[in-house]
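my_file_22.txt follows; it contains compact mmCIF, C-alpha atoms and all ligand atoms.
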```txt
# COMPACT_ATOMS: atom_id res chain seq x y z
CA MET A 1 15.89 1.69 13.10
CA LYS A 2 15.66 5.46 13.66
CA ASN A 3 12.28 7.05 14.36
CA TYR A 4 10.81 8.88 11.36
CA ASN A 5 7.86 11.27 11.64
CA ASN A 6 6.49 10.01 8.32
CA VAL A 7 6.44 6.30 9.31
CA HIS A 8 3.29 4.87 10.90
CA ILE A 9 2.98 1.32 12.22
CA LEU A 10 -0.72 0.42 12.26
CA ASP A 11 -0.64 -2.13 15.06
CA HIS A 12 -3.98 -3.64 16.19
CA PRO A 13 -4.93 -7.08 17.58
CA LEU A 14 -7.12 -7.78 14.54
CA ILE A 15 -4.29 -6.86 12.17
CA ARG A 16 -1.90 -9.13 14.11
CA HIS A 17 -4.43 -11.96 13.91
CA LYS A 18 -4.65 -11.65 10.13
CA LEU A 19 -0.87 -11.33 9.78
CA ALA A 20 -0.48 -14.68 11.55
CA ILE A 21 -2.67 -16.31 8.88
CA ILE A 22 -0.86 -14.87 5.85
CA ARG A 23 2.59 -15.61 7.31
CA ASP A 24 1.64 -19.30 7.61
CA LYS A 25 3.10 -21.24 4.66
CA ASN A 26 0.10 -23.61 4.75
CA THR A 27 -2.45 -20.83 4.07
CA ASN A 28 -3.94 -21.45 0.62
CA THR A 29 -4.23 -18.98 -2.25
CA LYS A 30 -7.93 -18.21 -1.67
CA GLN A 31 -7.50 -17.40 2.00
CA PHE A 32 -4.22 -15.53 1.42
CA ARG A 33 -5.88 -13.31 -1.20
CA GLU A 34 -8.90 -12.63 1.02
CA ILE A 35 -6.79 -11.65 4.01
CA ILE A 36 -4.49 -9.36 2.00
CA SER A 37 -7.63 -7.55 0.88
CA GLU A 38 -9.06 -7.36 4.42
CA LEU A 39 -5.77 -5.99 5.76
CA ALA A 40 -5.82 -3.31 3.06
CA THR A 41 -9.32 -2.28 4.20
CA LEU A 42 -8.28 -2.07 7.85
CA MET A 43 -5.15 -0.10 6.99
CA ALA A 44 -7.06 2.25 4.68
CA TYR A 45 -9.48 3.14 7.48
CA GLU A 46 -6.57 4.49 9.51
CA SER A 47 -4.29 5.84 6.80
CA PHE A 48 -7.00 7.95 5.15
CA LYS A 49 -7.88 9.77 8.38
CA ASP A 50 -6.83 13.03 6.72
CA VAL A 51 -8.78 12.38 3.50
CA PRO A 52 -10.05 15.60 1.84
CA THR A 53 -13.66 16.30 2.71
CA GLN A 54 -16.42 18.63 1.55
CA THR A 55 -19.51 19.84 3.38
CA ILE A 56 -22.95 18.94 2.05
CA THR A 57 -26.48 19.63 3.22
CA VAL A 58 -28.61 16.64 4.23
CA GLU A 59 -32.35 16.49 4.98
CA THR A 60 -32.91 14.15 7.90
CA PRO A 61 -36.51 13.08 8.60
CA LEU A 62 -36.56 15.88 11.22
CA GLU A 63 -34.57 18.85 9.88
CA THR A 64 -31.85 20.10 7.56
CA THR A 65 -28.25 19.64 8.66
CA THR A 66 -24.75 19.81 7.25
CA GLN A 67 -22.35 16.91 7.10
CA THR A 68 -18.86 16.33 5.68
CA VAL A 69 -18.32 13.64 3.07
CA VAL A 70 -15.24 12.42 1.20
CA LYS A 71 -14.40 15.03 -1.45
CA GLU A 72 -15.33 13.98 -4.98
CA ASN A 73 -12.46 12.93 -7.28
CA SER A 74 -9.90 13.37 -4.52
CA ILE A 75 -8.31 9.91 -4.30
CA ALA A 76 -6.23 7.67 -6.53
CA ILE A 77 -4.96 4.22 -5.63
CA VAL A 78 -1.80 3.05 -7.42
CA PRO A 79 -0.87 -0.61 -6.96
CA ILE A 80 2.65 -1.71 -7.86
CA LEU A 81 2.14 -4.76 -10.09
CA ARG A 82 1.68 -7.50 -9.47
CA ALA A 83 1.27 -7.95 -5.73
CA GLY A 84 -0.19 -4.48 -5.10
CA LEU A 85 -3.27 -5.54 -7.09
CA GLY A 86 -4.26 -7.73 -4.16
CA MET A 87 -4.83 -4.62 -2.01
CA VAL A 88 -6.97 -2.58 -4.42
CA ASP A 89 -10.43 -4.09 -3.85
CA GLY A 90 -10.01 -3.84 -0.08
CA ILE A 91 -9.47 -0.08 -0.37
CA LEU A 92 -12.21 0.36 -2.98
CA SER A 93 -14.65 -1.21 -0.53
CA LEU A 94 -14.23 1.98 1.55
CA PHE A 95 -13.65 4.45 -1.33
CA PRO A 96 -15.66 3.04 -4.25
CA ALA A 97 -15.25 6.18 -6.35
CA ALA A 98 -11.43 6.23 -6.17
CA LYS A 99 -9.55 6.16 -9.47
CA VAL A 100 -6.95 3.41 -9.97
CA GLY A 101 -3.59 3.71 -11.75
CA HIS A 102 -1.07 0.93 -12.32
CA ILE A 103 2.72 0.91 -12.12
CA GLY A 104 4.45 -2.28 -13.28
CA LEU A 105 7.79 -3.01 -11.63
CA TYR A 106 9.61 -6.28 -11.10
CA ARG A 107 12.76 -6.88 -9.10
CA ASP A 108 15.73 -8.15 -11.09
CA GLU A 109 16.60 -11.50 -9.49
CA GLU A 110 20.35 -10.83 -9.56
CA THR A 111 20.64 -7.16 -8.64
CA PHE A 112 17.28 -6.78 -6.76
CA GLU A 113 16.90 -3.45 -8.62
CA PRO A 114 13.35 -2.64 -9.80
CA LYS A 115 12.67 -2.61 -13.55
CA GLU A 116 9.75 -0.62 -14.94
CA TYR A 117 7.49 -2.32 -17.50
CA TYR A 118 4.14 -0.50 -17.27
CA CYS A 119 2.66 2.82 -16.20
CA LYS A 120 -0.93 3.96 -16.71
CA LEU A 121 -2.24 6.67 -14.40
CA PRO A 122 -5.61 8.43 -14.07
CA VAL A 123 -6.04 11.88 -15.65
CA ASN A 124 -5.48 14.76 -13.23
CA ILE A 125 -3.67 12.45 -10.82
CA GLU A 126 -1.54 15.42 -9.75
CA GLU A 127 -4.63 16.92 -8.07
CA LYS A 128 -5.40 13.82 -6.00
CA VAL A 129 -4.18 12.16 -2.83
CA VAL A 130 -2.31 9.17 -4.24
CA MET A 131 -2.01 5.97 -2.22
CA VAL A 132 0.72 3.67 -3.56
CA VAL A 133 0.06 0.09 -2.45
CA ASP A 134 2.34 -2.94 -2.35
CA PRO A 135 2.15 -5.65 0.34
CA MET A 136 5.95 -5.90 0.70
CA LEU A 137 8.43 -3.08 1.37
CA ALA A 138 11.74 -4.97 1.25
CA THR A 139 14.78 -3.00 -0.03
CA GLY A 140 12.41 -0.11 -0.79
CA GLY A 141 13.67 0.12 -4.38
CA SER A 142 10.28 -0.54 -6.00
CA ALA A 143 8.39 1.90 -3.75
CA CYS A 144 11.03 4.63 -4.20
CA ASP A 145 10.89 4.29 -7.99
CA ALA A 146 7.08 4.32 -8.04
CA ILE A 147 6.99 7.47 -5.88
CA THR A 148 9.60 9.17 -8.09
CA MET A 149 7.50 8.34 -11.19
CA LEU A 150 4.44 9.91 -9.53
CA LYS A 151 6.37 13.03 -8.51
CA LYS A 152 7.56 13.41 -12.12
CA ARG A 153 3.87 13.39 -13.11
CA GLY A 154 3.30 16.30 -10.71
CA CYS A 155 1.78 14.43 -7.74
CA LYS A 156 2.24 16.38 -4.52
CA LYS A 157 0.32 14.37 -1.92
CA ILE A 158 1.59 10.79 -1.97
CA LYS A 159 1.17 8.06 0.64
CA LEU A 160 2.53 4.50 0.69
CA MET A 161 0.75 1.52 2.24
CA SER A 162 2.60 -1.79 2.68
CA ILE A 163 1.45 -4.67 4.83
CA ILE A 164 4.96 -5.76 5.87
CA GLY A 165 7.97 -3.45 6.00
CA ALA A 166 11.63 -4.34 6.48
CA PRO A 167 13.71 -1.76 8.37
CA GLU A 168 15.95 -1.41 5.29
CA GLY A 169 13.07 -0.53 2.97
CA VAL A 170 11.20 1.70 5.41
CA THR A 171 14.42 3.66 6.09
CA LYS A 172 15.18 4.02 2.38
CA VAL A 173 11.74 5.42 1.50
CA ALA A 174 11.47 7.57 4.66
CA GLU A 175 14.82 9.24 3.88
CA ALA A 176 14.41 9.54 0.11
CA HIS A 177 10.83 10.86 0.37
CA PRO A 178 10.32 12.59 3.75
CA ASP A 179 7.14 14.21 2.36
CA VAL A 180 5.48 10.79 1.84
CA GLU A 181 3.52 9.23 4.70
CA ILE A 182 4.41 5.53 5.01
CA TYR A 183 1.97 3.05 6.60
CA VAL A 184 2.95 -0.53 7.49
CA SER A 185 1.09 -2.96 9.71
CA THR A 186 4.32 -4.43 11.04
CA LEU A 187 8.05 -3.84 10.93
CA ASP A 188 9.81 -7.17 10.43
CA ARG A 189 13.36 -8.07 11.49
CA CYS A 190 15.56 -7.79 8.38
CA LEU A 191 16.20 -8.96 4.82
CA ASN A 192 17.90 -12.25 3.94
CA GLU A 193 20.69 -12.61 1.34
CA ARG A 194 18.08 -12.74 -1.47
CA CYS A 195 16.42 -9.55 -0.15
CA TYR A 196 13.36 -11.40 1.15
CA ILE A 197 11.81 -10.10 4.36
CA LEU A 198 12.34 -12.18 7.54
CA PRO A 199 10.15 -13.57 9.00
CA GLY A 200 7.92 -12.15 6.20
CA LEU A 201 5.48 -14.27 4.26
CA GLY A 202 7.48 -15.32 1.19
CA ASP A 203 6.75 -14.01 -2.29
CA ALA A 204 3.54 -11.99 -2.02
CA GLY A 205 2.80 -11.97 -5.79
CA ASP A 206 3.21 -15.74 -6.08
CA ARG A 207 1.02 -16.34 -3.04
CA ILE A 208 -1.75 -13.97 -4.21
CA PHE A 209 -1.86 -15.36 -7.74
CA GLY A 210 -0.87 -18.98 -7.00
CA THR A 211 2.02 -18.91 -9.45
CA LYS A 212 4.39 -21.10 -7.42
C1 LIG B 301 7.82 -7.73 -4.88
C2 LIG B 301 6.85 -6.91 -4.05
C3 LIG B 301 7.36 -5.53 -4.27
C4 LIG B 301 8.85 -5.72 -4.35
C5 LIG B 301 9.43 -5.34 -3.03
O1 LIG B 301 7.47 -7.69 -6.20
O2 LIG B 301 5.51 -7.08 -4.42
O3 LIG B 301 6.88 -4.91 -5.45
O4 LIG B 301 9.06 -7.11 -4.61
O5 LIG B 301 10.78 -5.40 -3.07
P1 LIG B 301 11.75 -4.13 -2.93
O6 LIG B 301 11.22 -3.33 -1.78
O7 LIG B 301 13.06 -4.78 -2.64
O8 LIG B 301 11.73 -3.40 -4.22
P2 LIG B 301 8.23 -8.54 -7.35
O9 LIG B 301 9.33 -7.73 -7.92
O10 LIG B 301 8.58 -9.89 -6.80
O11 LIG B 301 7.14 -8.64 -8.47
P3 LIG B 301 5.69 -9.32 -8.47
O12 LIG B 301 4.79 -8.49 -7.57
O13 LIG B 301 5.29 -9.25 -9.89
O14 LIG B 301 5.81 -10.74 -7.96
N1 LIG B 302 8.99 -9.33 -2.32
C1 LIG B 302 8.20 -10.27 -1.75
O1 LIG B 302 7.16 -10.66 -2.32
N2 LIG B 302 8.56 -10.77 -0.57
C2 LIG B 302 9.67 -10.37 0.09
O2 LIG B 302 9.94 -10.88 1.19
C3 LIG B 302 10.47 -9.41 -0.52
C4 LIG B 302 10.11 -8.89 -1.72
```

In structure tokens, write the structure found in this file.
Amino acid sequence: MKNYNNVHILDHPLIRHKLAIIRDKNTNTKQFREIISELATLMAYESFKDVPTQTITVETPLETTTQTVVKENSIAIVPILRAGLGMVDGILSLFPAAKVGHIGLYRDEETFEPKEYYCKLPVNIEEKVVMVVDPMLATGGSACDAITMLKKRGCKKIKLMSIIGAPEGVTKVAEAHPDVEIYVSTLDRCLNERCYILPGLGDAGDRIFGTK
């Protein structure tokens, strides 16, 4: 895969450790869900390094000082349903005041094209930094469509966080949306004939919600 300035691979021993657990087919629903959420927290710490801040005055027990804090009303998290929901609480644990929108997309099982079925976004989302979250970036069709929907709503600062990326999907989003920063914790090998990521972890939505 080519190098893209807007693609960031958030490699860390702790992230690799957690990836090993969720890749394992014997990991149960409870543990899978917990680790997806923990990975989202770890990735958010790094991917929000450029979060908007504001300066406030604080009285310490000794004197008055100034300190920067996360700017009020500056962040929105937008999970792609269903599997993206598994990443929301992990990010909210760091940014409890963030607003949350939802975009519902499912992949057609024959064509692998995303189909939209739901969209509900926070008011004034166009003024916020929007983090689109979905554990799997496979063909990139779902992420591209979600980003296009947000741009049509006027969003200018969009980021994408996926736990596992396939080269095909990362390339597609990086080229279609060079203004969007893309964060993955690992770049897997390729897609199989059913557009599942190899080695991957299987169907993220089914494993988070225990539907198969
Ligand atoms: C999965 C996954 C992504 C999409 C990735 O969702 O959570 O949204 O596939 O594939 P793509 O990059 O090829 O578009 P799915 O459509 O299976 O829906 P679900 O989350 O409801 O299970
Ligand atoms: N969606 C998933 O949940 N897993 C994949 O490997 C590809 C798409």

Would you write out, as a Markdown table, a table of all residues in chain A that have an atom no more than 12 Å from an atom of ligand LIG 302 (chain B), listing for each the closest atom pair and the distance in Å to one decimal, considering only C-alpha atoms and all ligand atoms and ordering rows by chain and rising residue number?
```
| residue | atom | partner | partner_atom | distance |
| --- | --- | --- | --- | --- |
| A:Arg23 | CA | B:LIG302 | O2 | 10.7 |
| A:Ile80 | CA | B:LIG302 | N1 | 11.4 |
| A:Leu81 | CA | B:LIG302 | O1 | 11.0 |
| A:Arg82 | CA | B:LIG302 | O1 | 9.5 |
| A:Ala83 | CA | B:LIG302 | O1 | 7.3 |
| A:Gly84 | CA | B:LIG302 | O1 | 10.0 |
| A:Gly86 | CA | B:LIG302 | O1 | 11.9 |
| A:Leu105 | CA | B:LIG302 | N1 | 11.3 |
| A:Tyr106 | CA | B:LIG302 | N1 | 9.3 |
| A:Arg107 | CA | B:LIG302 | C4 | 8.1 |
| A:Asp108 | CA | B:LIG302 | C4 | 11.0 |
| A:Glu109 | CA | B:LIG302 | C4 | 10.5 |
| A:Phe112 | CA | B:LIG302 | C4 | 9.0 |
| A:Glu113 | CA | B:LIG302 | C4 | 11.1 |
| A:Pro114 | CA | B:LIG302 | C4 | 10.7 |
| A:Asp134 | CA | B:LIG302 | O1 | 9.1 |
| A:Pro135 | CA | B:LIG302 | O1 | 7.6 |
| A:Met136 | CA | B:LIG302 | N1 | 5.5 |
| A:Leu137 | CA | B:LIG302 | C4 | 6.8 |
| A:Ala138 | CA | B:LIG302 | C3 | 4.9 |
| A:Thr139 | CA | B:LIG302 | C4 | 7.7 |
| A:Gly140 | CA | B:LIG302 | C4 | 9.1 |
| A:Gly141 | CA | B:LIG302 | C4 | 10.0 |
| A:Ser142 | CA | B:LIG302 | C4 | 9.4 |
| A:Ala143 | CA | B:LIG302 | C4 | 11.1 |
| A:Ser162 | CA | B:LIG302 | N1 | 11.1 |
| A:Ile163 | CA | B:LIG302 | N2 | 10.8 |
| A:Ile164 | CA | B:LIG302 | O2 | 8.5 |
| A:Gly165 | CA | B:LIG302 | O2 | 9.1 |
| A:Ala166 | CA | B:LIG302 | O2 | 8.6 |
| A:Glu168 | CA | B:LIG302 | C3 | 11.3 |
| A:Gly169 | CA | B:LIG302 | C3 | 9.9 |
| A:Asp188 | CA | B:LIG302 | O2 | 10.0 |
| A:Arg189 | CA | B:LIG302 | O2 | 11.2 |
| A:Cys190 | CA | B:LIG302 | O2 | 9.6 |
| A:Leu191 | CA | B:LIG302 | O2 | 7.5 |
| A:Asn192 | CA | B:LIG302 | O2 | 8.5 |
| A:Glu193 | CA | B:LIG302 | C3 | 10.9 |
| A:Arg194 | CA | B:LIG302 | C3 | 8.4 |
| A:Cys195 | CA | B:LIG302 | C3 | 6.0 |
| A:Tyr196 | CA | B:LIG302 | O2 | 3.5 |
| A:Ile197 | CA | B:LIG302 | O2 | 3.8 |
| A:Leu198 | CA | B:LIG302 | O2 | 6.9 |
| A:Pro199 | CA | B:LIG302 | O2 | 8.3 |
| A:Gly200 | CA | B:LIG302 | O2 | 5.5 |
| A:Leu201 | CA | B:LIG302 | O2 | 6.4 |
| A:Gly202 | CA | B:LIG302 | N2 | 5.0 |
| A:Asp203 | CA | B:LIG302 | O1 | 3.4 |
| A:Ala204 | CA | B:LIG302 | O1 | 3.9 |
| A:Gly205 | CA | B:LIG302 | O1 | 5.7 |
| A:Asp206 | CA | B:LIG302 | O1 | 7.5 |
| A:Arg207 | CA | B:LIG302 | O1 | 8.4 |
| A:Ile208 | CA | B:LIG302 | O1 | 9.7 |
| A:Phe209 | CA | B:LIG302 | O1 | 11.5 |
| A:Lys212 | CA | B:LIG302 | O1 | 11.9 |
```

Could you save the residues just selected, with C-alpha atoms, as a PDB file, in the frame of the given file?
```pdb
ATOM      1  CA  ARG A  23       2.590 -15.610   7.310  1.00  0.00           C
ATOM      2  CA  ILE A  80       2.650  -1.710  -7.860  1.00  0.00           C
ATOM      3  CA  LEU A  81       2.140  -4.760 -10.090  1.00  0.00           C
ATOM      4  CA  ARG A  82       1.680  -7.500  -9.470  1.00  0.00           C
ATOM      5  CA  ALA A  83       1.270  -7.950  -5.730  1.00  0.00           C
ATOM      6  CA  GLY A  84      -0.190  -4.480  -5.100  1.00  0.00           C
ATOM      7  CA  GLY A  86      -4.260  -7.730  -4.160  1.00  0.00           C
ATOM      8  CA  LEU A 105       7.790  -3.010 -11.630  1.00  0.00           C
ATOM      9  CA  TYR A 106       9.610  -6.280 -11.100  1.00  0.00           C
ATOM     10  CA  ARG A 107      12.760  -6.880  -9.100  1.00  0.00           C
ATOM     11  CA  ASP A 108      15.730  -8.150 -11.090  1.00  0.00           C
ATOM     12  CA  GLU A 109      16.600 -11.500  -9.490  1.00  0.00           C
ATOM     13  CA  PHE A 112      17.280  -6.780  -6.760  1.00  0.00           C
ATOM     14  CA  GLU A 113      16.900  -3.450  -8.620  1.00  0.00           C
ATOM     15  CA  PRO A 114      13.350  -2.640  -9.800  1.00  0.00           C
ATOM     16  CA  ASP A 134       2.340  -2.940  -2.350  1.00  0.00           C
ATOM     17  CA  PRO A 135       2.150  -5.650   0.340  1.00  0.00           C
ATOM     18  CA  MET A 136       5.950  -5.900   0.700  1.00  0.00           C
ATOM     19  CA  LEU A 137       8.430  -3.080   1.370  1.00  0.00           C
ATOM     20  CA  ALA A 138      11.740  -4.970   1.250  1.00  0.00           C
ATOM     21  CA  THR A 139      14.780  -3.000  -0.030  1.00  0.00           C
ATOM     22  CA  GLY A 140      12.410  -0.110  -0.790  1.00  0.00           C
ATOM     23  CA  GLY A 141      13.670   0.120  -4.380  1.00  0.00           C
ATOM     24  CA  SER A 142      10.280  -0.540  -6.000  1.00  0.00           C
ATOM     25  CA  ALA A 143       8.390   1.900  -3.750  1.00  0.00           C
ATOM     26  CA  SER A 162       2.600  -1.790   2.680  1.00  0.00           C
ATOM     27  CA  ILE A 163       1.450  -4.670   4.830  1.00  0.00           C
ATOM     28  CA  ILE A 164       4.960  -5.760   5.870  1.00  0.00           C
ATOM     29  CA  GLY A 165       7.970  -3.450   6.000  1.00  0.00           C
ATOM     30  CA  ALA A 166      11.630  -4.340   6.480  1.00  0.00           C
ATOM     31  CA  GLU A 168      15.950  -1.410   5.290  1.00  0.00           C
ATOM     32  CA  GLY A 169      13.070  -0.530   2.970  1.00  0.00           C
ATOM     33  CA  ASP A 188       9.810  -7.170  10.430  1.00  0.00           C
ATOM     34  CA  ARG A 189      13.360  -8.070  11.490  1.00  0.00           C
ATOM     35  CA  CYS A 190      15.560  -7.790   8.380  1.00  0.00           C
ATOM     36  CA  LEU A 191      16.200  -8.960   4.820  1.00  0.00           C
ATOM     37  CA  ASN A 192      17.900 -12.250   3.940  1.00  0.00           C
ATOM     38  CA  GLU A 193      20.690 -12.610   1.340  1.00  0.00           C
ATOM     39  CA  ARG A 194      18.080 -12.740  -1.470  1.00  0.00           C
ATOM     40  CA  CYS A 195      16.420  -9.550  -0.150  1.00  0.00           C
ATOM     41  CA  TYR A 196      13.360 -11.400   1.150  1.00  0.00           C
ATOM     42  CA  ILE A 197      11.810 -10.100   4.360  1.00  0.00           C
ATOM     43  CA  LEU A 198      12.340 -12.180   7.540  1.00  0.00           C
ATOM     44  CA  PRO A 199      10.150 -13.570   9.000  1.00  0.00           C
ATOM     45  CA  GLY A 200       7.920 -12.150   6.200  1.00  0.00           C
ATOM     46  CA  LEU A 201       5.480 -14.270   4.260  1.00  0.00           C
ATOM     47  CA  GLY A 202       7.480 -15.320   1.190  1.00  0.00           C
ATOM     48  CA  ASP A 203       6.750 -14.010  -2.290  1.00  0.00           C
ATOM     49  CA  ALA A 204       3.540 -11.990  -2.020  1.00  0.00           C
ATOM     50  CA  GLY A 205       2.800 -11.970  -5.790  1.00  0.00           C
ATOM     51  CA  ASP A 206       3.210 -15.740  -6.080  1.00  0.00           C
ATOM     52  CA  ARG A 207       1.020 -16.340  -3.040  1.00  0.00           C
ATOM     53  CA  ILE A 208      -1.750 -13.970  -4.210  1.00  0.00           C
ATOM     54  CA  PHE A 209      -1.860 -15.360  -7.740  1.00  0.00           C
ATOM     55  CA  LYS A 212       4.390 -21.100  -7.420  1.00  0.00           C
TER      56      LYS A 212
END
```

Within 8 Å of segment 153-157 of chain A, which residues of segment 71-137 of chain A show up? Give each one with its shortest atom-to-atom distance in Å (one decimal) and the two atoms involved, counting all atoms listed in the file, rows by chain then rising residue number, as CSV.
```
residue,atom,partner,partner_atom,distance
A:Ile125,CA,A:Cys155,CA,6.6
A:Glu126,CA,A:Cys155,CA,4.0
A:Glu127,CA,A:Cys155,CA,6.9
A:Lys128,CA,A:Lys157,CA,7.0
A:Val129,CA,A:Lys157,CA,5.1
A:Val130,CA,A:Lys157,CA,6.3
```

Kindly list the centre and edge lengths in Å, rounded to one decimal, for the axis-aligned box that covers all listed atoms of segment 7-20 of chain A plus 4 Å on each of its six sides, as AutoDock Vina command-line options.
```
--center_x -0.3 --center_y -4.2 --center_z 13.4 --size_x 21.6 --size_y 29.0 --size_z 16.3
```

* To do: May I ask for the distance between atom CA of Thr211 of chain A and atom CA of Ile15 of chain A, given in Å to one decimal place?
  => 25.5 Å

* Asked: Could you name the residues that touch segment 59-72 of chain A at 12 Å or less, counting only C-alpha atoms, but leaving out those on the same chain fewer than 3 positions away, as a count of residues only?
  -> 20

* Asked: For the atom pair atom P3 of ligand LIG 301 (chain B) and atom CA of Ile9 of chain A, what is the interatomic distance in Å to one decimal place?
  ->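 Atom CA of Ile9 of chain A lies at a distance of 23.4 Å from atom P3 of ligand LIG 301 (chain B).
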
* **Distance in Å - atom O9 of ligand LIG 301 (chain B) versus atom CA of Gly104 of chain A** =>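 Those two atoms sit 9.1 Å apart.
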
* Residue with smallest distance to ligand LIG 301 (chain B) - pool A:Leu85, A:Gly101, A:Val123, A:Ile147, counting only C-alpha atoms and all ligand atoms ->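 Checking each of A:Leu85, A:Gly101, A:Val123, A:Ile147 against ligand LIG 301 (chain B), counting only C-alpha atoms and all ligand atoms, the winner is A:Leu85.
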
* To do: Using all atoms listed in the file, find the one residue out of A:Ile36, A:Val170, A:Leu150, A:Leu19 that sits nearest to ligand LIG 301 (chain B).
  => A:Val170

* When distances are computed from all atoms listed in the file, which of A:Pro13, A:Pro178, A:Pro167, A:Pro122 shows the smallest separation from ligand LIG 301 (chain B)? ->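 Of all the options, A:Pro167 lies closest to ligand LIG 301 (chain B).
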
* Write out as JSON, numbers by chain each polymer residue whose atoms come within 7 Å of Gly90 of chain A, counting only C-alpha atoms; drop sequence neighbours fewer than 6 positions from it. => {"A": [37, 38, 40, 41]}

* **Top pick for closest residue to ligand LIG 301 (chain B), considering A:Met131, A:Met87, A:Val180, A:Met149 and counting only C-alpha atoms and all ligand atoms** =>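 Among the listed residues, A:Met87 lies closest to ligand LIG 301 (chain B).
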
* Which of these, A:Ala44, A:His17, A:Gly210, A:Ala176, has the shortest distance to Thr29 of chain A once you count only C-alpha atoms? -> A:Gly210

* Neighbour residues at most 7 Å from (0.3, 2.1, 2.8) (all atoms listed in the file) as a list in words ->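 Here the neighbourhood of the point contains Met131, Val132, Val133, Lys159, Leu160, Met161, Ser162, Ile182, Tyr183 and Val184 of chain A.
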
For C-alpha atoms, I'd like the residues from the last selection saved as a PDB file, in the frame of the given file.
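Generated file (again.pdb):
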```pdb
ATOM      1  CA  MET A 131      -2.010   5.970  -2.220  1.00  0.00           C
ATOM      2  CA  VAL A 132       0.720   3.670  -3.560  1.00  0.00           C
ATOM      3  CA  VAL A 133       0.060   0.090  -2.450  1.00  0.00           C
ATOM      4  CA  LYS A 159       1.170   8.060   0.640  1.00  0.00           C
ATOM      5  CA  LEU A 160       2.530   4.500   0.690  1.00  0.00           C
ATOM      6  CA  MET A 161       0.750   1.520   2.240  1.00  0.00           C
ATOM      7  CA  SER A 162       2.600  -1.790   2.680  1.00  0.00           C
ATOM      8  CA  ILE A 182       4.410   5.530   5.010  1.00  0.00           C
ATOM      9  CA  TYR A 183       1.970   3.050   6.600  1.00  0.00           C
ATOM     10  CA  VAL A 184       2.950  -0.530   7.490  1.00  0.00           C
TER      11      VAL A 184
END
```

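Excluding Ile35 of chain A itself and any same-chain residue fewer than 3 positions from it, the protein and nucleic acid residues within 8 Å of it, counting only C-alpha atoms, are Lys18, Ile21, Ile22, Gln31, Phe32, Glu38 and Leu39 of chain A.
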